[in-house]
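Novice: Data file query-v2.txt (compact mmCIF, C-alpha atoms) is appended below.
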```
# COMPACT_ATOMS: atom_id res chain seq x y z
CA MET A 1 0.00 0.00 0.00
CA SER A 2 1.20 3.52 -0.76
CA ASN A 3 1.37 6.19 1.89
CA ASP A 4 -0.97 8.78 0.42
CA ASN A 5 -3.90 10.10 2.34
CA ALA A 6 -6.65 8.10 0.69
CA SER A 7 -5.10 4.73 1.34
CA SER A 8 -4.33 5.45 4.97
CA LYS A 9 -7.92 6.50 5.38
CA GLN A 10 -9.00 3.24 3.78
CA LYS A 11 -6.68 1.34 6.06
CA VAL A 12 -8.46 2.76 9.07
CA THR A 13 -11.84 1.77 7.74
CA THR A 14 -10.77 -1.75 6.80
CA THR A 15 -9.36 -2.35 10.27
CA ASP A 16 -12.65 -1.09 11.55
CA GLU A 17 -14.53 -3.54 9.29
CA PHE A 18 -12.34 -6.29 10.69
CA ILE A 19 -12.68 -5.38 14.36
CA LYS A 20 -16.46 -4.89 14.28
CA GLY A 21 -17.04 -8.56 13.43
CA LEU A 22 -14.77 -9.75 16.19
CA TRP A 23 -16.38 -7.82 19.00
CA ARG A 24 -18.81 -4.92 18.48
CA ASP A 25 -21.04 -6.73 15.98
CA ASN A 26 -20.02 -10.27 16.83
CA PRO A 27 -22.33 -12.49 14.77
CA VAL A 28 -23.13 -14.82 17.67
CA PHE A 29 -22.89 -12.73 20.82
CA VAL A 30 -24.35 -9.50 19.46
CA GLN A 31 -26.28 -10.25 16.26
CA VAL A 32 -27.31 -13.74 17.47
CA LEU A 33 -27.19 -15.11 13.92
CA GLY A 34 -26.61 -18.66 12.72
CA MET A 35 -27.82 -20.32 15.91
CA CYS A 36 -28.31 -23.77 14.39
CA PRO A 37 -24.59 -24.64 14.05
CA VAL A 38 -23.72 -22.61 17.15
CA LEU A 39 -25.89 -24.79 19.36
CA ALA A 40 -25.45 -28.06 17.53
CA VAL A 41 -21.75 -28.35 16.71
CA SER A 42 -20.26 -26.69 19.78
CA ASN A 43 -20.16 -29.88 21.87
CA THR A 44 -16.38 -30.13 21.65
CA ALA A 45 -13.70 -27.51 21.08
CA GLU A 46 -12.41 -29.35 18.02
CA ASN A 47 -15.81 -29.56 16.31
CA ALA A 48 -16.51 -25.92 17.15
CA LEU A 49 -13.22 -24.76 15.68
CA ALA A 50 -13.63 -26.83 12.51
CA MET A 51 -17.19 -25.64 11.99
CA GLY A 52 -16.20 -22.02 12.65
CA LEU A 53 -13.33 -22.13 10.19
CA ALA A 54 -15.43 -23.88 7.54
CA THR A 55 -18.09 -21.18 7.88
CA ALA A 56 -15.45 -18.43 7.83
CA PHE A 57 -13.99 -19.86 4.62
CA VAL A 58 -17.39 -19.99 2.91
CA LEU A 59 -18.12 -16.47 4.14
CA LEU A 60 -14.80 -15.13 2.83
CA MET A 61 -15.10 -16.73 -0.60
CA SER A 62 -18.75 -15.81 -1.09
CA ASN A 63 -18.10 -12.24 0.06
CA ILE A 64 -15.28 -11.90 -2.49
CA LEU A 65 -17.34 -13.27 -5.35
CA VAL A 66 -20.49 -11.34 -4.45
CA SER A 67 -18.50 -8.15 -4.20
CA LEU A 68 -16.73 -8.78 -7.52
CA LEU A 69 -20.03 -9.39 -9.27
CA ARG A 70 -21.98 -6.65 -7.50
CA ASN A 71 -22.32 -4.45 -10.59
CA PHE A 72 -23.02 -7.34 -12.88
CA VAL A 73 -25.91 -9.05 -11.04
CA PRO A 74 -29.32 -7.40 -11.55
CA LYS A 75 -31.28 -6.62 -8.40
CA GLN A 76 -34.12 -9.04 -9.20
CA VAL A 77 -31.94 -12.14 -9.17
CA ARG A 78 -29.46 -11.13 -6.50
CA ILE A 79 -30.74 -13.46 -3.75
CA ALA A 80 -30.82 -16.41 -6.13
CA SER A 81 -27.28 -15.72 -7.27
CA TYR A 82 -26.02 -15.30 -3.67
CA ILE A 83 -27.51 -18.66 -2.71
CA LEU A 84 -25.90 -20.25 -5.76
CA ILE A 85 -22.51 -18.77 -4.87
CA ILE A 86 -22.79 -19.78 -1.21
CA ALA A 87 -23.93 -23.32 -2.08
CA THR A 88 -20.96 -23.68 -4.42
CA PHE A 89 -18.44 -22.85 -1.75
CA VAL A 90 -20.20 -25.07 0.77
CA THR A 91 -19.86 -27.99 -1.64
CA VAL A 92 -16.20 -27.12 -2.17
CA THR A 93 -15.68 -27.02 1.62
CA ASP A 94 -17.49 -30.33 1.99
CA TYR A 95 -15.07 -32.04 -0.39
CA ALA A 96 -12.10 -30.32 1.20
CA ILE A 97 -13.04 -31.51 4.70
CA GLN A 98 -13.56 -35.03 3.40
CA ALA A 99 -10.06 -34.89 1.94
CA ILE A 100 -8.61 -33.62 5.21
CA SER A 101 -10.12 -36.20 7.53
CA VAL A 102 -12.93 -38.71 7.22
CA GLU A 103 -13.34 -38.67 11.01
CA LEU A 104 -13.84 -34.92 11.10
CA HIS A 105 -16.28 -35.13 8.21
CA LYS A 106 -18.22 -37.78 10.12
CA SER A 107 -18.40 -35.75 13.32
CA LEU A 108 -19.53 -32.56 11.55
CA GLY A 109 -21.94 -34.69 9.55
CA ALA A 110 -25.02 -32.98 8.21
CA PHE A 111 -23.97 -29.57 9.50
CA ILE A 112 -21.50 -28.86 6.72
CA SER A 113 -24.23 -28.84 4.09
CA LEU A 114 -26.32 -26.71 6.43
CA ILE A 115 -23.78 -23.87 6.16
CA VAL A 116 -25.77 -22.98 3.01
CA VAL A 117 -28.65 -21.75 5.13
CA ASN A 118 -26.54 -20.01 7.75
CA CYS A 119 -28.18 -16.57 7.76
CA LEU A 120 -24.88 -14.97 8.76
CA ILE A 121 -23.40 -15.62 5.31
CA LEU A 122 -26.43 -14.46 3.36
CA SER A 123 -26.77 -11.39 5.56
CA ARG A 124 -23.13 -10.38 4.93
CA ALA A 125 -23.59 -10.86 1.19
CA GLU A 126 -26.75 -8.80 1.11
CA ALA A 127 -25.89 -6.15 3.68
CA PHE A 128 -22.20 -5.67 3.00
CA ALA A 129 -20.50 -7.36 0.07
CA SER A 130 -23.10 -6.28 -2.48
CA LYS A 131 -22.49 -2.62 -1.60
CA ASN A 132 -18.77 -2.47 -0.88
CA THR A 133 -15.43 -2.99 -2.58
CA VAL A 134 -13.74 -6.38 -2.67
CA TRP A 135 -11.01 -5.17 -0.33
CA LYS A 136 -13.47 -4.05 2.33
CA SER A 137 -15.57 -7.19 1.87
CA ILE A 138 -12.55 -9.38 2.54
CA PHE A 139 -11.95 -7.68 5.86
CA ASP A 140 -15.61 -7.77 6.73
CA ALA A 141 -15.67 -11.52 6.03
CA LEU A 142 -12.48 -12.16 7.95
CA GLY A 143 -13.77 -10.23 10.95
CA MET A 144 -17.20 -11.83 10.92
CA GLY A 145 -15.81 -15.29 10.19
CA LEU A 146 -13.22 -15.16 12.94
CA GLY A 147 -15.76 -13.61 15.30
CA PHE A 148 -18.07 -16.53 14.57
CA THR A 149 -15.22 -19.02 15.07
CA PHE A 150 -14.23 -17.30 18.31
CA ALA A 151 -17.79 -17.46 19.64
CA LEU A 152 -18.18 -21.11 18.65
CA PHE A 153 -14.88 -21.90 20.31
CA CYS A 154 -15.98 -20.11 23.52
CA LEU A 155 -19.04 -22.36 23.64
CA GLY A 156 -17.23 -25.50 22.56
CA ALA A 157 -14.40 -25.12 25.07
CA VAL A 158 -16.74 -24.58 28.02
CA ARG A 159 -18.97 -27.47 27.00
CA GLU A 160 -16.10 -29.87 26.47
CA ILE A 161 -14.35 -28.94 29.72
CA LEU A 162 -17.48 -29.35 31.81
CA GLY A 163 -19.16 -32.13 29.88
CA ASN A 164 -16.14 -34.26 29.08
CA GLY A 165 -13.45 -33.07 31.46
CA SER A 166 -11.11 -32.43 28.56
CA ILE A 167 -10.06 -29.89 25.97
CA PHE A 168 -9.06 -30.95 22.42
CA ASN A 169 -9.39 -34.53 23.74
CA ILE A 170 -6.71 -33.93 26.39
CA ALA A 171 -8.01 -34.86 29.83
CA LEU A 172 -7.84 -31.96 32.27
CA PHE A 173 -9.01 -33.42 35.54
CA PRO A 174 -7.98 -36.45 37.62
CA ASP A 175 -10.03 -39.61 37.29
CA GLY A 176 -12.44 -38.68 40.07
CA PHE A 177 -13.99 -35.88 38.02
CA GLN A 178 -17.71 -36.36 37.46
CA SER A 179 -18.51 -34.80 34.08
CA TRP A 180 -21.74 -32.86 33.55
CA ILE A 181 -23.29 -34.93 30.81
CA VAL A 182 -25.93 -32.25 30.21
CA MET A 183 -23.28 -29.90 28.85
CA ILE A 184 -22.56 -32.01 25.77
CA LEU A 185 -26.28 -32.60 25.19
CA PRO A 186 -28.30 -29.99 23.26
CA ALA A 187 -29.57 -28.40 26.48
CA GLY A 188 -25.99 -27.60 27.49
CA GLY A 189 -25.63 -25.55 24.32
CA PHE A 190 -28.48 -23.29 25.37
CA PHE A 191 -27.13 -22.93 28.92
CA THR A 192 -23.65 -22.06 27.72
CA LEU A 193 -24.89 -19.60 25.10
CA ALA A 194 -27.09 -17.88 27.69
CA ILE A 195 -24.20 -17.52 30.12
CA TRP A 196 -21.90 -16.11 27.45
CA LEU A 197 -24.58 -13.65 26.30
CA LEU A 198 -25.03 -12.58 29.92
CA ILE A 199 -21.32 -11.97 30.38
CA ILE A 200 -20.82 -10.12 27.07
CA ASN A 201 -23.89 -7.96 27.52
CA GLY A 202 -22.83 -7.23 31.09
CA ILE A 203 -19.46 -5.97 29.89
CA GLU A 204 -21.06 -3.86 27.14
CA THR A 205 -23.60 -2.28 29.50
CA ARG A 206 -20.90 -1.41 32.01
CA LYS A 207 -18.84 0.14 29.18
CA THR A 208 -21.67 2.38 27.96
CA LYS A 209 -22.52 3.46 31.53
CA SER A 210 -19.02 4.57 32.30
CA MET B 1 -46.39 5.56 -26.80
CA SER B 2 -42.65 5.93 -26.94
CA ASP B 3 -42.56 5.42 -23.18
CA VAL B 4 -44.11 1.99 -23.55
CA VAL B 5 -41.61 1.03 -26.21
CA ASN B 6 -38.80 2.29 -24.03
CA MET B 7 -39.99 0.27 -21.06
CA LYS B 8 -40.27 -2.82 -23.22
CA THR B 9 -36.71 -2.59 -24.49
CA GLN B 10 -35.53 -1.86 -20.99
CA ASN B 11 -37.30 -4.94 -19.62
CA LEU B 12 -35.91 -7.05 -22.41
CA ALA B 13 -32.43 -5.80 -21.73
CA SER B 14 -32.73 -6.50 -18.05
CA SER B 15 -34.06 -10.03 -18.53
CA LYS B 16 -31.16 -10.69 -20.85
CA LYS B 17 -28.91 -9.36 -18.13
CA MET B 18 -30.62 -11.51 -15.53
CA LEU B 19 -30.22 -14.61 -17.65
CA LEU B 20 -26.62 -13.77 -18.36
CA ALA B 21 -25.88 -13.24 -14.66
CA MET B 22 -27.47 -16.48 -13.57
CA VAL B 23 -25.91 -18.56 -16.34
CA GLY B 24 -22.53 -16.94 -15.75
CA ILE B 25 -22.60 -17.64 -12.03
CA GLY B 26 -23.86 -21.14 -12.75
CA ILE B 27 -20.89 -21.84 -15.01
CA ILE B 28 -18.41 -20.44 -12.48
CA SER B 29 -20.02 -22.60 -9.78
CA ALA B 30 -19.95 -25.72 -11.90
CA LEU B 31 -16.28 -25.21 -12.76
CA LEU B 32 -15.34 -24.64 -9.13
CA ILE B 33 -17.20 -27.70 -7.88
CA VAL B 34 -15.89 -30.02 -10.59
CA THR B 35 -12.32 -28.83 -10.07
CA THR B 36 -12.43 -29.41 -6.30
CA PHE B 37 -14.12 -32.75 -6.79
CA GLU B 38 -11.45 -33.90 -9.21
CA LEU B 39 -8.64 -32.59 -7.03
CA THR B 40 -9.85 -34.16 -3.81
CA LEU B 41 -11.15 -37.43 -5.23
CA PRO B 42 -7.93 -39.51 -5.05
CA ARG B 43 -7.27 -38.52 -1.46
CA VAL B 44 -10.89 -38.99 -0.38
CA GLN B 45 -10.90 -42.45 -1.92
CA ARG B 46 -7.66 -43.37 -0.20
CA LEU B 47 -8.91 -42.17 3.18
CA LYS B 48 -12.18 -44.04 2.70
CA ALA B 49 -10.34 -47.23 1.80
CA GLU B 50 -8.21 -46.86 4.93
CA ALA B 51 -11.30 -46.31 7.06
CA LEU B 52 -12.89 -49.40 5.49
CA GLU B 53 -9.84 -51.50 6.25
CA LYS B 54 -9.84 -50.32 9.85
CA ALA B 55 -13.52 -51.18 10.11
CA ILE B 56 -12.90 -54.69 8.74
CA PHE B 57 -10.25 -55.38 11.35
CA LYS B 58 -12.59 -54.05 14.02
CA VAL B 59 -15.58 -56.23 13.14
CA LEU B 60 -13.38 -59.30 12.57
CA PRO B 61 -10.83 -59.33 15.36
CA GLY B 62 -7.87 -61.60 14.63
CA THR B 63 -7.85 -61.05 10.89
CA VAL B 64 -4.44 -60.82 9.21
CA ASN B 65 -5.48 -60.93 5.58
CA THR B 66 -8.57 -59.93 3.68
CA GLN B 67 -10.02 -60.72 0.29
CA ALA B 68 -12.91 -58.84 -1.25
CA PHE B 69 -15.75 -60.79 -2.85
CA GLY B 70 -18.78 -59.80 -4.84
CA VAL B 71 -21.99 -61.74 -5.39
CA ASN B 72 -22.97 -62.53 -8.97
CA ALA B 73 -26.47 -63.01 -10.37
CA ASN B 74 -26.51 -66.74 -9.57
CA GLY B 75 -25.86 -66.07 -5.92
CA GLU B 76 -22.25 -67.21 -6.05
CA LEU B 77 -19.23 -65.45 -4.68
CA PHE B 78 -16.55 -64.23 -6.99
CA LYS B 79 -13.22 -62.63 -6.15
CA MET B 80 -13.24 -58.91 -6.75
CA LYS B 81 -10.46 -57.30 -8.65
CA GLU B 82 -9.14 -53.78 -8.21
CA GLY B 83 -11.67 -51.30 -9.49
CA ASP B 84 -14.67 -53.61 -9.37
CA ASN B 85 -17.65 -51.93 -7.86
CA THR B 86 -20.67 -53.83 -6.64
CA GLU B 87 -23.46 -52.94 -4.29
CA THR B 88 -22.68 -55.73 -1.87
CA ALA B 89 -19.04 -56.17 -1.08
CA ILE B 90 -17.99 -58.97 1.20
CA TYR B 91 -14.58 -59.15 2.83
CA ALA B 92 -13.40 -62.53 3.96
CA GLY B 93 -10.98 -62.35 6.88
CA TYR B 94 -8.20 -64.95 7.08
CA ASN B 95 -6.07 -65.87 10.05
CA ASN B 96 -2.38 -66.79 10.03
CA ASN B 97 -3.02 -70.27 8.67
CA GLY B 98 -5.02 -68.99 5.74
CA ASN B 99 -8.30 -70.16 7.17
CA ILE B 100 -11.39 -68.02 6.96
CA ILE B 101 -12.32 -66.76 10.40
CA GLY B 102 -15.28 -64.68 9.32
CA TYR B 103 -16.81 -62.31 6.82
CA ALA B 104 -17.19 -58.56 6.99
CA ILE B 105 -20.24 -57.62 4.95
CA GLU B 106 -21.03 -54.19 3.60
CA ALA B 107 -24.71 -53.30 3.59
CA SER B 108 -26.72 -50.15 3.18
CA GLY B 109 -30.27 -48.95 3.46
CA GLN B 110 -32.47 -45.94 4.09
CA GLY B 111 -32.03 -44.39 7.51
CA TYR B 112 -33.88 -41.41 8.93
CA ALA B 113 -31.90 -38.78 7.04
CA ASP B 114 -30.07 -40.51 4.22
CA ILE B 115 -28.65 -43.86 3.20
CA ILE B 116 -26.76 -45.50 6.05
CA ARG B 117 -23.79 -47.65 5.05
CA ILE B 118 -22.58 -50.20 7.54
CA LEU B 119 -20.17 -53.10 7.82
CA TYR B 120 -20.97 -56.10 10.00
CA GLY B 121 -19.05 -59.19 10.97
CA TYR B 122 -20.38 -62.74 10.50
CA LYS B 123 -18.77 -65.73 12.14
CA PRO B 124 -19.90 -68.85 10.26
CA ASP B 125 -18.52 -71.45 12.66
CA LYS B 126 -20.77 -70.16 15.45
CA GLU B 127 -23.45 -68.79 13.11
CA ILE B 128 -23.56 -65.44 14.82
CA LEU B 129 -22.93 -61.80 14.00
CA ILE B 130 -20.09 -60.35 16.04
CA GLY B 131 -20.26 -56.61 15.59
CA PHE B 132 -20.98 -53.73 13.26
CA GLN B 133 -19.52 -50.38 12.29
CA VAL B 134 -21.21 -47.43 10.67
CA LEU B 135 -19.27 -46.41 7.58
CA GLU B 136 -21.43 -43.52 6.49
CA SER B 137 -24.51 -41.90 7.96
CA LYS B 138 -26.15 -38.52 8.16
CA GLU B 139 -28.42 -39.37 11.10
CA THR B 140 -29.49 -36.54 13.41
CA PRO B 141 -26.62 -35.65 15.74
CA GLY B 142 -27.53 -36.37 19.35
CA LEU B 143 -30.45 -38.64 18.44
CA GLY B 144 -30.05 -40.85 15.41
CA ASP B 145 -26.29 -41.07 15.71
CA LYS B 146 -26.76 -43.02 18.96
CA ILE B 147 -26.64 -46.11 16.74
CA GLU B 148 -22.87 -45.68 16.77
CA LYS B 149 -22.51 -44.92 20.46
CA GLU B 150 -25.18 -46.56 22.64
CA GLU B 151 -23.51 -49.45 24.37
CA HIS B 152 -26.61 -51.56 24.94
CA PHE B 153 -27.42 -51.26 21.24
CA LEU B 154 -23.94 -52.20 20.11
CA ASN B 155 -24.00 -55.15 22.53
CA ASN B 156 -26.88 -56.57 20.47
CA PHE B 157 -24.44 -57.38 17.74
CA LYS B 158 -21.81 -59.11 19.81
CA ALA B 159 -23.53 -62.50 19.45
CA LEU B 160 -26.61 -62.07 17.32
CA ASP B 161 -28.04 -65.42 16.30
CA VAL B 162 -28.28 -65.96 12.52
CA SER B 163 -28.29 -69.77 12.49
CA LEU B 164 -29.70 -71.50 9.43
CA SER B 165 -32.44 -74.08 9.27
CA ASN B 166 -32.20 -77.31 7.25
CA ILE B 167 -33.56 -75.73 4.09
CA GLY B 168 -30.80 -73.14 4.04
CA LYS B 169 -32.76 -70.15 5.29
CA LEU B 170 -32.47 -68.15 8.47
CA LYS B 171 -34.30 -69.88 11.32
CA ASN B 172 -35.41 -66.58 12.74
CA LYS B 173 -35.63 -63.32 10.88
CA LEU B 174 -33.94 -60.54 12.82
CA ILE B 175 -36.33 -58.04 14.34
CA THR B 176 -35.83 -54.77 16.16
CA LEU B 177 -37.85 -54.33 19.33
CA LYS B 178 -38.42 -51.43 21.70
CA GLN B 179 -35.66 -50.77 24.15
CA GLY B 180 -35.58 -53.36 26.93
CA GLU B 181 -37.79 -55.95 25.25
CA LYS B 182 -35.09 -58.22 23.84
CA GLN B 183 -35.49 -61.80 25.03
CA ASN B 184 -34.11 -64.06 22.29
CA PRO B 185 -30.63 -64.06 20.78
CA TRP B 186 -31.96 -63.07 17.34
CA GLU B 187 -33.79 -59.97 18.56
CA ILE B 188 -32.32 -56.48 18.47
CA ASP B 189 -32.88 -54.11 21.35
CA GLY B 190 -33.76 -50.72 19.86
CA ILE B 191 -32.94 -47.26 21.16
CA THR B 192 -35.49 -44.92 22.69
CA GLY B 193 -34.97 -41.56 20.97
CA ALA B 194 -33.49 -43.17 17.88
CA THR B 195 -36.33 -45.51 17.01
CA ILE B 196 -36.17 -45.02 13.27
CA SER B 197 -32.39 -45.15 13.02
CA SER B 198 -32.05 -48.25 15.20
CA ARG B 199 -34.84 -49.95 13.29
CA ALA B 200 -33.10 -49.01 10.05
CA ILE B 201 -29.94 -50.78 11.21
CA GLY B 202 -32.04 -53.82 12.11
CA ASN B 203 -33.66 -53.78 8.68
CA ILE B 204 -30.39 -53.33 6.82
CA ILE B 205 -28.77 -56.20 8.65
CA GLY B 206 -31.95 -58.32 8.46
CA THR B 207 -32.29 -57.99 4.69
CA SER B 208 -28.61 -58.46 4.08
CA THR B 209 -28.27 -61.50 6.34
CA SER B 210 -31.29 -63.35 4.97
CA GLU B 211 -29.80 -62.97 1.51
CA LEU B 212 -26.11 -63.50 2.18
CA VAL B 213 -25.74 -65.71 5.23
CA PRO B 214 -26.80 -68.91 3.39
CA ILE B 215 -24.34 -68.16 0.57
CA LEU B 216 -21.52 -67.37 2.96
CA TYR B 217 -22.18 -70.41 5.13
CA ASP B 218 -21.84 -72.60 2.03
CA HIS B 219 -18.74 -70.78 0.93
CA TYR B 220 -17.18 -71.18 4.36
CA ASN B 221 -17.80 -74.92 4.52
CA LYS B 222 -16.47 -75.47 1.02
CA ASN B 223 -13.35 -73.40 1.47
CA ASN B 224 -12.18 -73.68 4.99
CA GLN B 225 -9.31 -75.92 6.04
CA LYS B 226 -7.92 -75.59 2.53
CA PRO B 227 -5.06 -73.26 1.65
CA LYS B 228 -6.08 -69.76 0.67
CA GLU B 229 -5.06 -70.06 -2.98
CA SER B 230 -7.72 -72.66 -3.79
CA ASN B 231 -10.58 -70.35 -2.90
CA GLU B 232 -12.73 -69.87 -5.93
```
Take the structure in the file and give it back as structure tokens.
Specialist:
Amino acid sequence: MSNDNASSKQKVTTTDEFIKGLWRDNPVFVQVLGMCPVLAVSNTAENALAMGLATAFVLLMSNILVSLLRNFVPKQVRIASYILIIATFVTVTDYAIQAISVELHKSLGAFISLIVVNCLILSRAEAFASKNTVWKSIFDALGMGLGFTFALFCLGAVREILGNGSIFNIALFPDGFQSWIVMILPAGGFFTLAIWLLIINGIETRKTKS
Amino acid sequence: MSDVVNMKTQNLASSKKMLLAMVGIGIISALLIVTTFELTLPRVQRLKAEALEKAIFKVLPGTVNTQAFGVNANGELFKMKEGDNTETAIYAGYNNNGNIIGYAIEASGQGYADIIRILYGYKPDKEILIGFQVLESKETPGLGDKIEKEEHFLNNFKALDVSLSNIGKLKNKLITLKQGEKQNPWEIDGITGATISSRAIGNIIGTSTSELVPILYDHYNKNNQKPKESNE
């Protein structure tokens, strides 16, 4: 990047686009989008991380393509074309994960194909990528994608530690530890999400007060 | 008047544009998907073959060698060569002496969400099934996927009776019951909360065994005790 005024200005805004997804507009903790994978695949830290990264990848690629084609796609067919683009990258991701590890593919199961209907991705395409430059869209996708991964990991880590007594399959507690089975069941997902929302909103409220 | 004409040409132009956009994106999508598919295919196939091999050794403990068989139209086994692809693949497991210790049988059928593919072990000398592994399933996480995890369900298949009657058919067809109702060695104890998936496993194994167990029992009695090379 050159050092002229315009680009430094753009640099500030792109960092801003990046940061907002991580914290201020975090897709899970603030926008509460894409709850299906958040609750379903956050039973272990590993699954949560893999799901988060897969979603982030789809988000990044679809944001790039939507932004590139934003002047070419007529308004009437934009939603159809976004879905087509998103579905393409989900299929690509599906094959890629299969090639990485059959085990991982098995444990993520049906949820990979369900990335297609993750409203986070469609909402970024519609609300951001279709109106902004490719450069900005990349940062928006990276921020949102990593924010989503971070949130999923927060849930997955807590659920695995309490429900399984381990993190990334490494046992944390001595043998006597009685794991809370409920935490790896669907109900545990709701509990953990609620607690995280409570904490994050608490911090935000305190911030705005002071 | 000229307004109408204008609007018409405008509409025409925009539908052309719409068509162009959709077709263009469709072509890009198709190219991307086909490229990834082609690129990942060899590795996916290798990983799947490895997983299959692992599963065979799991359902037939003590195996040192395997040979894949297919079933032809006359109901006879034939040795599969590399690249052969049949619906029902059977893997005979041999021990150190070259004797058949059992068969791992691939079977599939409709589950709750999609086709479930499984592999189960048959021990012809005792006429029982000795275990099964899910190779591929898209059953609901937390409910349907209990078929891979529930211990009491998996225990069903540790010694499931598939003995044959004199006329070469299964004495008792396998049935799946509600959880806790199993009384006989040929009954399968289902899973509460995964009724459809556990019943699907029962059906898949039931259909496959009633078709294949007589053939395999014959094959075993003809071929065992002889060196491996003479298996035909």
Novice: Can you pull out every residue within 8 Å of segment 62-64 of chain B, counting all atoms listed in the file, but drop anything in the same chain fewer than 5 positions away, and send it as a list in words?
Specialist: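 The residues that qualify are Phe57, Gly93, Tyr94, Asn95, Asn96 and Ile101 of chain B.
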Novice: So which residues are close to (-14.2, -64.4, 0.7), meaning at most 9 Å away in the file's coordinates with all atoms listed in the file counted, and can you show them as a PyMOL selection string?
Specialist: chain B and resi 66-70+77-79+90-94+100+102-103+216+219-220+231-232
Novice: Restricting the output to C-alpha atoms, write the selected residues as a compact mmCIF listing (two decimals), keeping the file's coordinate frame.
Specialist:
```txt
# COMPACT_ATOMS: atom_id res chain seq x y z
CA THR B 66 -8.57 -59.93 3.68
CA GLN B 67 -10.02 -60.72 0.29
CA ALA B 68 -12.91 -58.84 -1.25
CA PHE B 69 -15.75 -60.79 -2.85
CA GLY B 70 -18.78 -59.80 -4.84
CA LEU B 77 -19.23 -65.45 -4.68
CA PHE B 78 -16.55 -64.23 -6.99
CA LYS B 79 -13.22 -62.63 -6.15
CA ILE B 90 -17.99 -58.97 1.20
CA TYR B 91 -14.58 -59.15 2.83
CA ALA B 92 -13.40 -62.53 3.96
CA GLY B 93 -10.98 -62.35 6.88
CA TYR B 94 -8.20 -64.95 7.08
CA ILE B 100 -11.39 -68.02 6.96
CA GLY B 102 -15.28 -64.68 9.32
CA TYR B 103 -16.81 -62.31 6.82
CA LEU B 216 -21.52 -67.37 2.96
CA HIS B 219 -18.74 -70.78 0.93
CA TYR B 220 -17.18 -71.18 4.36
CA ASN B 231 -10.58 -70.35 -2.90
CA GLU B 232 -12.73 -69.87 -5.93
```
Novice: Compute the set of chain B residues within 10 Å of chain A, using only C-alpha atoms, and express it as a PyMOL selection string.
Specialist: chain B and resi 14-15+17-26+28-48+50-51+113-114+135-143+145
Novice: Restrict the selected residues to C-alpha atoms and save them as a CSV table (one decimal), in the frame of the given file.
Specialist:
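Result written to result-v7.csv:
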```csv
chain,number,residue,atom,x,y,z
B,14,SER,CA,-32.7,-6.5,-18.0
B,15,SER,CA,-34.1,-10.0,-18.5
B,17,LYS,CA,-28.9,-9.4,-18.1
B,18,MET,CA,-30.6,-11.5,-15.5
B,19,LEU,CA,-30.2,-14.6,-17.6
B,20,LEU,CA,-26.6,-13.8,-18.4
B,21,ALA,CA,-25.9,-13.2,-14.7
B,22,MET,CA,-27.5,-16.5,-13.6
B,23,VAL,CA,-25.9,-18.6,-16.3
B,24,GLY,CA,-22.5,-16.9,-15.8
B,25,ILE,CA,-22.6,-17.6,-12.0
B,26,GLY,CA,-23.9,-21.1,-12.8
B,28,ILE,CA,-18.4,-20.4,-12.5
B,29,SER,CA,-20.0,-22.6,-9.8
B,30,ALA,CA,-20.0,-25.7,-11.9
B,31,LEU,CA,-16.3,-25.2,-12.8
B,32,LEU,CA,-15.3,-24.6,-9.1
B,33,ILE,CA,-17.2,-27.7,-7.9
B,34,VAL,CA,-15.9,-30.0,-10.6
B,35,THR,CA,-12.3,-28.8,-10.1
B,36,THR,CA,-12.4,-29.4,-6.3
B,37,PHE,CA,-14.1,-32.8,-6.8
B,38,GLU,CA,-11.4,-33.9,-9.2
B,39,LEU,CA,-8.6,-32.6,-7.0
B,40,THR,CA,-9.8,-34.2,-3.8
B,41,LEU,CA,-11.2,-37.4,-5.2
B,42,PRO,CA,-7.9,-39.5,-5.0
B,43,ARG,CA,-7.3,-38.5,-1.5
B,44,VAL,CA,-10.9,-39.0,-0.4
B,45,GLN,CA,-10.9,-42.4,-1.9
B,46,ARG,CA,-7.7,-43.4,-0.2
B,47,LEU,CA,-8.9,-42.2,3.2
B,48,LYS,CA,-12.2,-44.0,2.7
B,50,GLU,CA,-8.2,-46.9,4.9
B,51,ALA,CA,-11.3,-46.3,7.1
B,113,ALA,CA,-31.9,-38.8,7.0
B,114,ASP,CA,-30.1,-40.5,4.2
B,135,LEU,CA,-19.3,-46.4,7.6
B,136,GLU,CA,-21.4,-43.5,6.5
B,137,SER,CA,-24.5,-41.9,8.0
B,138,LYS,CA,-26.2,-38.5,8.2
B,139,GLU,CA,-28.4,-39.4,11.1
B,140,THR,CA,-29.5,-36.5,13.4
B,141,PRO,CA,-26.6,-35.6,15.7
B,142,GLY,CA,-27.5,-36.4,19.4
B,143,LEU,CA,-30.4,-38.6,18.4
B,145,ASP,CA,-26.3,-41.1,15.7
```
Novice: What is the atom CA of Ile175 of chain B to atom CA of Glu187 of chain B distance in Å?
Specialist: 5.3 Å
Novice: Using Å and a single decimal, report how far atom CA of Glu151 of chain B sits from atom CA of Gly189 of chain A.
Specialist: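 One can read the atom CA of Gly189 of chain A to atom CA of Glu151 of chain B distance as 24.0 Å.
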Novice: Would you please work out which residue, of A:Met35, A:Ala50, A:Val28, A:Ala194, is nearest to Phe168 of chain A when using all atoms listed in the file?
Specialist: A:Ala50
Novice: Within 8 Å of Thr176 of chain B, counting all atoms listed in the file, which residues show up once you throw out same-chain ones fewer than 5 positions away? Write them as JSON, numbers by chain, please.
Specialist: {"B": [187, 188, 189, 190, 198, 199, 202, 203]}
Novice: Record the distance separating atom CA of Ala48 of chain A and atom CA of Ala127 of chain A, expressed in Å with one decimal.
Specialist: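 Separation between atom CA of Ala48 of chain A and atom CA of Ala127 of chain A: 25.7 Å.
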